[in-house]
Amino acid sequence: MKECKTSKNKLENELFKSVWNKTPDYIKDMDLMDFSQDGEFTFTLKKEHLKPYDAAKNPEGLNLYDWFANYSKEAKVSTAGIRGPQNILFPQDTRFPINLVGIVLATLAKALVAKEKYKGKEILKVAGREVRYNSALFLDAIARIQAAQGIKTIVPVGRKTIPIWLASFLAFKLDLVGGEYITSSHGISVKNATKDLNSQGSQYLPEESLEFVNKIQEIFDETEKKGSYTIKIAAKDNPLIDENIMSKLNDGVDLYVEYLQSGVAKDINLNLIKNFNGKIAIENVGGSAYRTLSRVMDKLKISDKFVWFNIEEDPFFHSIGKYDETPKGEKAFYDYSVDATVLAKRKNGEKYFPVIETLHYDEKLKDMPIGTAVLITDPDHDRLTITQTESSERIPYLERNGIDYVKLNENTVLTVFTANQAFLMLMDFWAKQLKVEDLWSKHPRFMIKTTASALSWDEWAAKQGVKVVNVPVGFKEIANIMKKVELKLKREPDKEVIIDDVFGNSINLGKNPRLLFGGEESGGMIMGTEDLIKSLAGRSAIAMREKSATEAIIVASALIAKLKDLPLSSYLKTIFDKNEIVGRYDTRVDIAYYNESEPDINKLKEAKTAGEAKRTKNDLFYLSMAIAVKEGLMTVDNVKEVLNDTFKSLIFDNLKSIKFVGDGTYLEFDDKYIEIRPSGTDAKTKAYGGGSNKEVLETYAGAMGNYSGERTELHKKYISDKFYNSSKEKAMNYYLKFVEKDANNEPFVIPEYKF
């Protein structure tokens with residue numbers, strides 16, 4: 001008889017018990033495919049599996065049609081991999097969006113698409129993972145399914161963890177057909193996902209996802225027609241599952257260090273770090289960043305400058321972000337994720353950082369000097385949060401300048417910089433370093449940023465002569481612009497590069513430009529190099545395709561070393577003042593319409609469906625007006641009228657424009673912006689703001705993000721039901737036009753591999 005998994009961690013144990021108790025016996029007894037066996041085997045997908053489970057009429061039902069309907073919907077809109085909750089104890093549970101059967105089907109479909117595209121060619125892909133529940137199993141399944149289809153899969157030595165940016169880097173550098181990476185980034189512990197990487201190392205765009213989604217449909221159609229479909233799973237030691245290549249490459253670390261040394265890890269930065277007298281702390285949430293990052297630091301000969309927190313790998317993420325009470329005060333397991341910048345409110349209305357509270361820095365930092373910086377990175381090591389201890393005497397200064405902080409004790413606070421603030425410091429510092437090296441003027445400089453990121457970035461860039469390309473949220477959108485620039489550089493190297501942004505502006509980047517910075521407010525960034533990056537087969541790139549906390553950590557460490565005893569908060573204020581930045585403040589309000597950690601899948605689905613309806617209603621209220629203005633059915637004055645009527649306590653008289661920006665609605669005012677963006681993959685709304693007054697931003701973002709979306713009489717006066725109901729489809733068409741204009745659709749050619 002099966003028994004519930006146990007943990008020495010009390011909170012994790014409660015999670016296990018809850019999942020166990022909410023999992024029905026037929027799921028616990030399910031034995032569809034056993035990846036613990038080393039030899040090859042087959043899994044027979046049956047017609048019965050496609051239909052719902054019924055103990056009497058269809059005991060083999062897996063309800064795969066229902067799973068697929070949700071999976072395909074998400075594949076079309078996902079900004080960061082197809083992610084969702086899973087049954088952490090019984091991964092074959094197809095009631096959850098992420099499950100072993102789904103991983104097998106999606107992997108097979110992608111393999112079949114690749115074989116059709118590259119018929120007769122040797123197909124190589126990379127597969128990697130971080131530390132989440134069932135990630136090792138999913139990696140094994142992916143590698144063995146691909147091997148059974150004749151595809152060679154490069155995996156880390158011992159099939160251990162690597163960061164997402166390393167998998168992405170290797171896909172590009174080694175000229176692979178693509179890769180698979182298992183992560184849900186900084187999401188809650190019970191979530192997981194597969195990030196599909198193409199030959200550029202970039203996440204799939206919608207049209208790439210549709211190819212394999214359609215292939216799954218073909219598999220289902222054949223199963224319906226013939227009654228079954230046989231899927232082969234290769235042996236664990238199949239020679240097409242290759243650890244030797246990664247062994248020779250030191251898991252890719254050596255190649256990546258070479259790349260860093262051509263960019264942010266040049267001597268001008270490394271020497272600052274080497275001569276630094278203090279220590280910088282690195283927080284490895286989940287522990288999986290340490291395995292790679294520590295080796296990078298060793299190779300760069302700077303590892304002695306760092307102290308490390310949480311280096312042991314743990315799928316429960318060392319209890320970080322985990323509570324036994326919901327925000328409403330209900331007694332239940334609740335996970336705030338591992339995003340250190342998440343803000344919540346206590347029952348008394350006081351704001352606090354729930355994730356940072358569980359990092360216990362009041363204890364960890366008590367013997368370290370004031371001024372110690374802590375660089376916090378997530379399990380797949382692509383995001384970075386920058387924090388630093390300061391004297392409590394500086395609290396008034398921090399509050400005046402919109403810098404959040406956590407009290408550690410009577411004498412010390414921990415400043416918590418938003419990515420908007422942190423990355424402004426990093427891009428400013430890196431620009432200065434390029435000028436010191438006399439490199440700045442050799443190329444025109446530009447940045448790629450998401451619309452939801454800081455206004456201060458745009459203002460700083462204007463002062464520095466740096467062009468800005470704004471894109472929708474998601475790093476694949478940043479990578480898509482990179483590829484457009486590269487195509488123009490390749491085809492017309494002597495011409496000025498002109499790129500359209502998502503606002504509809506044509507941005508002249510100049511001749512032979514270089515990327516200074518690419519990033520987003522959620523904590524991910526990349527920096528370009530002076531010389532174009534070359535793959536082994538000679539492809540060129542202006543920067544890598546995935547955000548990298550390693551790049552951010554190196555630049556941040558050099559800046560901290562340069563400042564010595566000067567706090568980062570003072571440096572930030574100096575940037576604001578010298579560049580006469582008006583939009584110094586920013587905010588983000590996350591509205592979750594349900595408890596993602598609910599272990600009862602039926603309750604979870606019900607709550608998520610209800611939440612998605614609320615999210616969509618909120619979105620359509622604003623989106624329909626943005627599309628109506630674009631199509632000439634409303635004026636901005638009409639929008640002001642509707643909004644002033646809807647939000648009686650807010651003033652919209654200085655609204656300048658309202659625009660659909662690929663995945664959200666952007667409202668530009670004289671003194672601020674507000675963006676309302678629905679999650680493409682979950683029952684959440686995000687409201688962003690940037691401008692000259694933090695309190696005003698929080699008020700507008702909070703009110704507009706939490707609005708029910710109920711259509712007012714004025715809204716109905718300007719927008720018909722028919723137009724309202726079609727606005728989402730219209731918006732998607734506008735988004736696809738933006739993506740496809742000047743798109744770099746050059747076919748990938750598989751080279752002759754020599755490694």
# chains A, B, ... in the order shown; residues from 1 in each chain; ligands from 1
>>> select_by_dssp(residues="segment 414-468 of chain A", states="strand (DSSP E)", output="list in words")
Leu414, Thr415, Val416, Arg445, Phe446, Met447, Ile448, Lys449, Thr450, Lys467 and Val468 of chain A
>>> residues_around(residues="Leu32 of chain A", least_positions_apart="3", cutoff="12 Å", atoms="only C-alpha atoms", output="count of residues only")
25
>>> residues_around(residues="Leu633 of chain A", least_positions_apart="6", cutoff="10 Å", atoms="only C-alpha atoms", output="ChimeraX atom specification")
/A:625-627,718-719,723
>>> residues_around(residues="segment 318-324 of chain A", least_positions_apart="2", cutoff="6 Å", atoms="only C-alpha atoms", output="tab-separated table (two decimals) with N, CA, C and O atoms, in the first residue's frame")
chain	number	residue	atom	x	y	z
A	316	PHE	N	11.27	22.71	-2.19
A	316	PHE	CA	10.37	23.51	-1.37
A	316	PHE	C	10.96	24.91	-1.15
A	316	PHE	O	10.37	25.74	-0.48
A	332	ALA	N	-4.58	27.90	5.97
A	332	ALA	CA	-4.31	27.05	4.81
A	332	ALA	C	-2.89	27.32	4.32
A	332	ALA	O	-2.34	28.39	4.56
A	333	PHE	N	-2.30	26.34	3.65
A	333	PHE	CA	-0.98	26.55	3.06
A	333	PHE	C	-1.08	27.62	1.98
A	333	PHE	O	-1.97	27.57	1.13
A	334	TYR	N	-0.18	28.60	2.03
A	334	TYR	CA	-0.19	29.67	1.04
A	334	TYR	C	1.23	30.00	0.61
A	334	TYR	O	2.13	30.09	1.43
A	335	ASP	N	1.41	30.16	-0.69
A	335	ASP	CA	2.74	30.39	-1.26
A	335	ASP	C	2.71	31.73	-2.01
A	335	ASP	O	1.93	31.92	-2.95
A	336	TYR	N	3.58	32.66	-1.58
A	336	TYR	CA	3.67	33.97	-2.24
A	336	TYR	C	4.64	33.95	-3.41
A	336	TYR	O	4.95	35.00	-3.96
A	337	SER	N	5.14	32.79	-3.78
A	337	SER	CA	6.17	32.61	-4.80
A	337	SER	C	7.53	32.97	-4.21
A	337	SER	O	7.64	33.20	-2.99
A	338	VAL	N	8.56	33.04	-5.04
A	338	VAL	CA	9.89	33.43	-4.54
A	338	VAL	C	10.33	34.76	-5.13
A	338	VAL	O	11.53	35.07	-5.15
A	355	VAL	N	7.98	37.50	1.02
A	355	VAL	CA	9.08	36.60	0.63
A	355	VAL	C	10.34	36.95	1.41
A	355	VAL	O	11.01	36.07	1.97
A	358	THR	N	10.55	35.72	4.96
A	358	THR	CA	10.90	34.30	5.15
A	358	THR	C	12.36	34.01	4.83
A	358	THR	O	12.80	32.87	4.97
>>> residues_around(residues="Ala171 of chain A", least_positions_apart="3", cutoff="10 Å", atoms="only C-alpha atoms", output="number ranges by chain")
A: 124-127, 154, 165-168, 174-180, 197-202, 535, 545
>>> closest_residue(among="A:Thr412, A:Asn693, A:Asn87, A:Asn512", to="Thr23 of chain A", atoms="only C-alpha atoms")
A:Asn87
>>> residues_around(residues="Glu520 of chain A", least_positions_apart="3", cutoff="8 Å", atoms="only C-alpha atoms", output="mmCIF file with C-alpha atoms, in the first residue's frame")
data_model
loop_
_atom_site.group_PDB
_atom_site.id
_atom_site.type_symbol
_atom_site.label_atom_id
_atom_site.label_comp_id
_atom_site.auth_asym_id
_atom_site.auth_seq_id
_atom_site.Cartn_x
_atom_site.Cartn_y
_atom_site.Cartn_z
ATOM 1 C CA ALA A 419 14.146 45.976 -10.832
ATOM 2 C CA ASN A 420 13.210 49.353 -12.332
ATOM 3 C CA LYS A 449 12.516 47.268 -22.702
ATOM 4 C CA THR A 450 8.979 46.188 -21.932
ATOM 5 C CA ALA A 452 5.576 47.874 -18.161
ATOM 6 C CA SER A 453 9.111 48.851 -17.166
ATOM 7 C CA VAL A 473 5.980 41.835 -21.614
ATOM 8 C CA GLY A 474 8.068 38.670 -22.026
ATOM 9 C CA PHE A 475 11.724 38.136 -22.802
ATOM 10 C CA GLY A 523 13.860 41.345 -12.733
ATOM 11 C CA GLY A 524 15.344 39.937 -15.938
ATOM 12 C CA MET A 525 18.049 41.633 -17.987
#
>>> residues_around(residues="Phe68 of chain A", least_positions_apart="5", cutoff="9 Å", atoms="only C-alpha atoms", output="list in words")
Asn63, Lys73, Pro97, Gly102, Val213, Ile216 and Gln217 of chain A
>>> write_last_selection(atoms="N, CA and C atoms", output="mmCIF file, in the first residue's frame")
data_model
loop_
_atom_site.group_PDB
_atom_site.id
_atom_site.type_symbol
_atom_site.label_atom_id
_atom_site.label_comp_id
_atom_site.auth_asym_id
_atom_site.auth_seq_id
_atom_site.Cartn_x
_atom_site.Cartn_y
_atom_site.Cartn_z
ATOM 1 N N ASN A 63 -9.239 12.244 -19.389
ATOM 2 C CA ASN A 63 -9.782 13.554 -19.773
ATOM 3 C C ASN A 63 -8.743 14.412 -20.505
ATOM 4 N N LYS A 73 -4.602 26.500 -25.477
ATOM 5 C CA LYS A 73 -4.949 27.905 -25.266
ATOM 6 C C LYS A 73 -3.758 28.666 -24.685
ATOM 7 N N PRO A 97 -2.703 20.883 -15.064
ATOM 8 C CA PRO A 97 -2.162 21.331 -16.362
ATOM 9 C C PRO A 97 -0.796 20.735 -16.702
ATOM 10 N N GLY A 102 1.130 14.724 -20.270
ATOM 11 C CA GLY A 102 1.184 15.924 -21.101
ATOM 12 C C GLY A 102 2.598 16.235 -21.569
ATOM 13 N N VAL A 213 1.334 22.067 -31.166
ATOM 14 C CA VAL A 213 -0.044 21.913 -30.680
ATOM 15 C C VAL A 213 -0.884 21.195 -31.745
ATOM 16 N N ILE A 216 -0.107 17.497 -31.713
ATOM 17 C CA ILE A 216 -0.806 16.749 -30.659
ATOM 18 C C ILE A 216 -2.224 16.417 -31.126
ATOM 19 N N GLN A 217 -2.868 17.387 -31.781
ATOM 20 C CA GLN A 217 -4.219 17.146 -32.302
ATOM 21 C C GLN A 217 -4.214 15.985 -33.290
#
>>> closest_residue(among="A:Ser624, A:Thr230, A:Ser557, A:Ser288", to="Ile273 of chain A", atoms="only C-alpha atoms")
A:Ser557
>>> select_by_dssp(residues="segment 580-736 of chain A", states="helix (DSSP H, G or I)", output="ChimeraX atom specification")
/A:601-630,636-646,694-705,713-718,721-736
>>> closest_atom_pairs(of="segment 665-693 of chain A", to="segment 378-402 of chain A", cutoff="12 Å", atoms="only C-alpha atoms", output="Markdown table")
| residue | atom | partner | partner_atom | distance |
| --- | --- | --- | --- | --- |
| A:Gly690 | CA | A:Gly402 | CA | 11.4 |
| A:Gly691 | CA | A:Gly402 | CA | 11.1 |
| A:Ser692 | CA | A:Gly402 | CA | 10.1 |
| A:Asn693 | CA | A:Gly402 | CA | 8.8 |
>>> write_last_selection(atoms="all heavy atoms", output="PDB file, in the first residue's frame")
ATOM      1  N   GLY A 690       4.263  54.257 -13.491  1.00  0.00           N
ATOM      2  CA  GLY A 690       5.518  54.989 -13.355  1.00  0.00           C
ATOM      3  C   GLY A 690       5.242  56.470 -13.479  1.00  0.00           C
ATOM      4  O   GLY A 690       4.381  56.874 -14.274  1.00  0.00           O
ATOM      5  N   GLY A 691       5.938  57.288 -12.665  1.00  0.00           N
ATOM      6  CA  GLY A 691       5.701  58.720 -12.749  1.00  0.00           C
ATOM      7  C   GLY A 691       6.353  59.510 -11.645  1.00  0.00           C
ATOM      8  O   GLY A 691       7.343  59.059 -11.040  1.00  0.00           O
ATOM      9  N   SER A 692       5.796  60.655 -11.346  1.00  0.00           N
ATOM     10  CA  SER A 692       6.458  61.622 -10.474  1.00  0.00           C
ATOM     11  C   SER A 692       5.977  61.579  -9.021  1.00  0.00           C
ATOM     12  O   SER A 692       6.518  62.283  -8.178  1.00  0.00           O
ATOM     13  CB  SER A 692       6.238  63.040 -11.020  1.00  0.00           C
ATOM     14  OG  SER A 692       4.848  63.327 -11.101  1.00  0.00           O
ATOM     15  N   ASN A 693       4.950  60.763  -8.723  1.00  0.00           N
ATOM     16  CA  ASN A 693       4.416  60.710  -7.366  1.00  0.00           C
ATOM     17  C   ASN A 693       4.006  59.279  -7.048  1.00  0.00           C
ATOM     18  O   ASN A 693       3.065  58.744  -7.648  1.00  0.00           O
ATOM     19  CB  ASN A 693       3.214  61.656  -7.241  1.00  0.00           C
ATOM     20  CG  ASN A 693       2.689  61.746  -5.827  1.00  0.00           C
ATOM     21  OD1 ASN A 693       2.339  60.752  -5.199  1.00  0.00           O
ATOM     22  ND2 ASN A 693       2.632  62.974  -5.310  1.00  0.00           N
TER      23      ASN A 693
END
>>> closest_atom_pairs(of="segment 495-561 of chain A", to="segment 724-738 of chain A", cutoff="9 Å", atoms="only C-alpha atoms", output="tab-separated table")
residue	atom	partner	partner_atom	distance
A:Asp500	CA	A:Phe738	CA	7.8
A:Asp501	CA	A:Phe738	CA	7.9
A:Val502	CA	A:Phe738	CA	6.6
A:Gly504	CA	A:Phe738	CA	8.3
>>> closest_residue(among="A:Glu330, A:Trp308, A:Ala265, A:Ile302", to="Met527 of chain A", atoms="only C-alpha atoms")
A:Ala265
>>> atom_distance(atom1="atom CA of Gly252 of chain A", atom2="atom CA of Glu746 of chain A")
26.2 Å
>>> atom_distance(atom1="atom CA of Met33 of chain A", atom2="atom CA of Lys110 of chain A")
19.8 Å
>>> atom_distance(atom1="atom CA of Val636 of chain A", atom2="atom CA of Ala701 of chain A")
19.3 Å
>>> closest_residue(among="A:Ile182, A:Val406, A:Val629, A:Ala683", to="Ala607 of chain A", atoms="only C-alpha atoms")
A:Ala683
>>> closest_residue(among="A:Lys578, A:Arg588, A:Arg539, A:Lys684", to="Leu487 of chain A", atoms="only C-alpha atoms")
A:Arg539
>>> closest_residue(among="A:Ser540, A:Gln433, A:Asn244, A:Ser72", to="Leu516 of chain A", atoms="only C-alpha atoms")
A:Gln433
>>> decode(residues="segment 404-437 of chain A", atoms="N, CA, C and O atoms", output="short mmCIF file (atom, residue, chain, number, x, y, z; two decimals), in the first residue's frame")
data_model
loop_
_atom_site.label_atom_id
_atom_site.label_comp_id
_atom_site.auth_asym_id
_atom_site.auth_seq_id
_atom_site.Cartn_x
_atom_site.Cartn_y
_atom_site.Cartn_z
N ASP A 404 11.89 51.27 -1.17
CA ASP A 404 11.30 50.43 -0.14
C ASP A 404 12.38 49.84 0.77
O ASP A 404 13.54 49.68 0.36
N TYR A 405 11.97 49.48 1.96
CA TYR A 405 12.93 48.92 2.92
C TYR A 405 12.20 48.00 3.90
O TYR A 405 10.98 48.05 4.05
N VAL A 406 13.00 47.15 4.55
CA VAL A 406 12.51 46.25 5.59
C VAL A 406 13.34 46.52 6.84
O VAL A 406 14.58 46.56 6.77
N LYS A 407 12.69 46.70 7.98
CA LYS A 407 13.43 46.89 9.23
C LYS A 407 13.98 45.54 9.69
O LYS A 407 13.23 44.59 9.88
N LEU A 408 15.30 45.47 9.89
CA LEU A 408 15.92 44.25 10.39
C LEU A 408 16.05 44.29 11.92
O LEU A 408 15.88 43.29 12.60
N ASN A 409 16.39 45.47 12.43
CA ASN A 409 16.45 45.69 13.88
C ASN A 409 16.35 47.20 14.11
O ASN A 409 16.08 47.96 13.17
N GLU A 410 16.59 47.63 15.32
CA GLU A 410 16.45 49.05 15.64
C GLU A 410 17.42 49.93 14.86
O GLU A 410 17.15 51.09 14.56
N ASN A 411 18.57 49.35 14.49
CA ASN A 411 19.64 50.15 13.87
C ASN A 411 19.77 49.96 12.36
O ASN A 411 20.42 50.76 11.70
N THR A 412 19.17 48.88 11.84
CA THR A 412 19.45 48.51 10.45
C THR A 412 18.18 48.25 9.66
O THR A 412 17.23 47.64 10.16
N VAL A 413 18.20 48.71 8.42
CA VAL A 413 17.14 48.37 7.48
C VAL A 413 17.77 47.70 6.26
O VAL A 413 18.97 47.84 6.01
N LEU A 414 16.95 46.97 5.54
CA LEU A 414 17.37 46.38 4.28
C LEU A 414 16.62 47.10 3.17
O LEU A 414 15.39 47.02 3.09
N THR A 415 17.34 47.84 2.34
CA THR A 415 16.69 48.48 1.19
C THR A 415 16.39 47.41 0.16
O THR A 415 17.19 46.50 -0.09
N VAL A 416 15.22 47.52 -0.44
CA VAL A 416 14.79 46.56 -1.46
C VAL A 416 14.50 47.35 -2.73
O VAL A 416 13.50 48.07 -2.81
N PHE A 417 15.38 47.24 -3.70
CA PHE A 417 15.23 47.99 -4.95
C PHE A 417 14.34 47.22 -5.92
O PHE A 417 14.52 46.02 -6.12
N THR A 418 13.39 47.92 -6.50
CA THR A 418 12.66 47.30 -7.61
C THR A 418 13.64 47.08 -8.75
O THR A 418 14.69 47.73 -8.83
N ALA A 419 13.29 46.17 -9.66
CA ALA A 419 14.15 45.98 -10.83
C ALA A 419 14.24 47.27 -11.64
O ALA A 419 15.28 47.56 -12.24
N ASN A 420 13.18 48.06 -11.64
CA ASN A 420 13.21 49.35 -12.33
C ASN A 420 14.32 50.24 -11.78
O ASN A 420 15.05 50.91 -12.52
N GLN A 421 14.47 50.26 -10.46
CA GLN A 421 15.51 51.07 -9.82
C GLN A 421 16.89 50.43 -9.98
O GLN A 421 17.87 51.10 -10.34
N ALA A 422 16.95 49.12 -9.72
CA ALA A 422 18.23 48.42 -9.78
C ALA A 422 18.84 48.47 -11.17
O ALA A 422 20.04 48.75 -11.34
N PHE A 423 18.03 48.19 -12.18
CA PHE A 423 18.57 48.11 -13.54
C PHE A 423 18.93 49.49 -14.09
O PHE A 423 19.81 49.60 -14.95
N LEU A 424 18.26 50.53 -13.61
CA LEU A 424 18.68 51.88 -14.00
C LEU A 424 20.10 52.14 -13.52
O LEU A 424 20.92 52.70 -14.25
N MET A 425 20.40 51.71 -12.30
CA MET A 425 21.76 51.86 -11.77
C MET A 425 22.76 51.06 -12.60
O MET A 425 23.86 51.55 -12.92
N LEU A 426 22.38 49.84 -12.99
CA LEU A 426 23.31 48.99 -13.73
C LEU A 426 23.57 49.52 -15.13
O LEU A 426 24.71 49.51 -15.61
N MET A 427 22.53 49.98 -15.81
CA MET A 427 22.75 50.49 -17.17
C MET A 427 23.56 51.79 -17.14
O MET A 427 24.41 52.02 -18.01
N ASP A 428 23.32 52.63 -16.14
CA ASP A 428 24.07 53.87 -16.00
C ASP A 428 25.54 53.57 -15.74
O ASP A 428 26.44 54.17 -16.35
N PHE A 429 25.80 52.64 -14.82
CA PHE A 429 27.18 52.27 -14.49
C PHE A 429 27.88 51.66 -15.69
O PHE A 429 29.03 52.00 -16.00
N TRP A 430 27.20 50.76 -16.40
CA TRP A 430 27.82 50.09 -17.55
C TRP A 430 28.13 51.10 -18.66
O TRP A 430 29.17 51.02 -19.33
N ALA A 431 27.24 52.07 -18.84
CA ALA A 431 27.50 53.12 -19.83
C ALA A 431 28.77 53.89 -19.47
O ALA A 431 29.60 54.20 -20.34
N LYS A 432 28.93 54.20 -18.18
CA LYS A 432 30.13 54.91 -17.74
C LYS A 432 31.39 54.08 -17.97
O LYS A 432 32.44 54.61 -18.35
N GLN A 433 31.28 52.77 -17.74
CA GLN A 433 32.44 51.89 -17.96
C GLN A 433 32.83 51.87 -19.43
O GLN A 433 34.02 51.87 -19.77
N LEU A 434 31.85 51.85 -20.31
CA LEU A 434 32.14 51.88 -21.76
C LEU A 434 32.81 53.19 -22.15
O LEU A 434 33.70 53.21 -23.02
N LYS A 435 32.40 54.26 -21.50
CA LYS A 435 33.02 55.56 -21.79
C LYS A 435 34.46 55.61 -21.29
O LYS A 435 35.35 56.15 -21.96
N VAL A 436 34.71 55.03 -20.12
CA VAL A 436 36.08 54.98 -19.58
C VAL A 436 36.98 54.22 -20.53
O VAL A 436 38.15 54.58 -20.75
N GLU A 437 36.43 53.16 -21.13
CA GLU A 437 37.22 52.34 -22.07
C GLU A 437 37.30 52.97 -23.46
O GLU A 437 37.89 52.37 -24.38
#
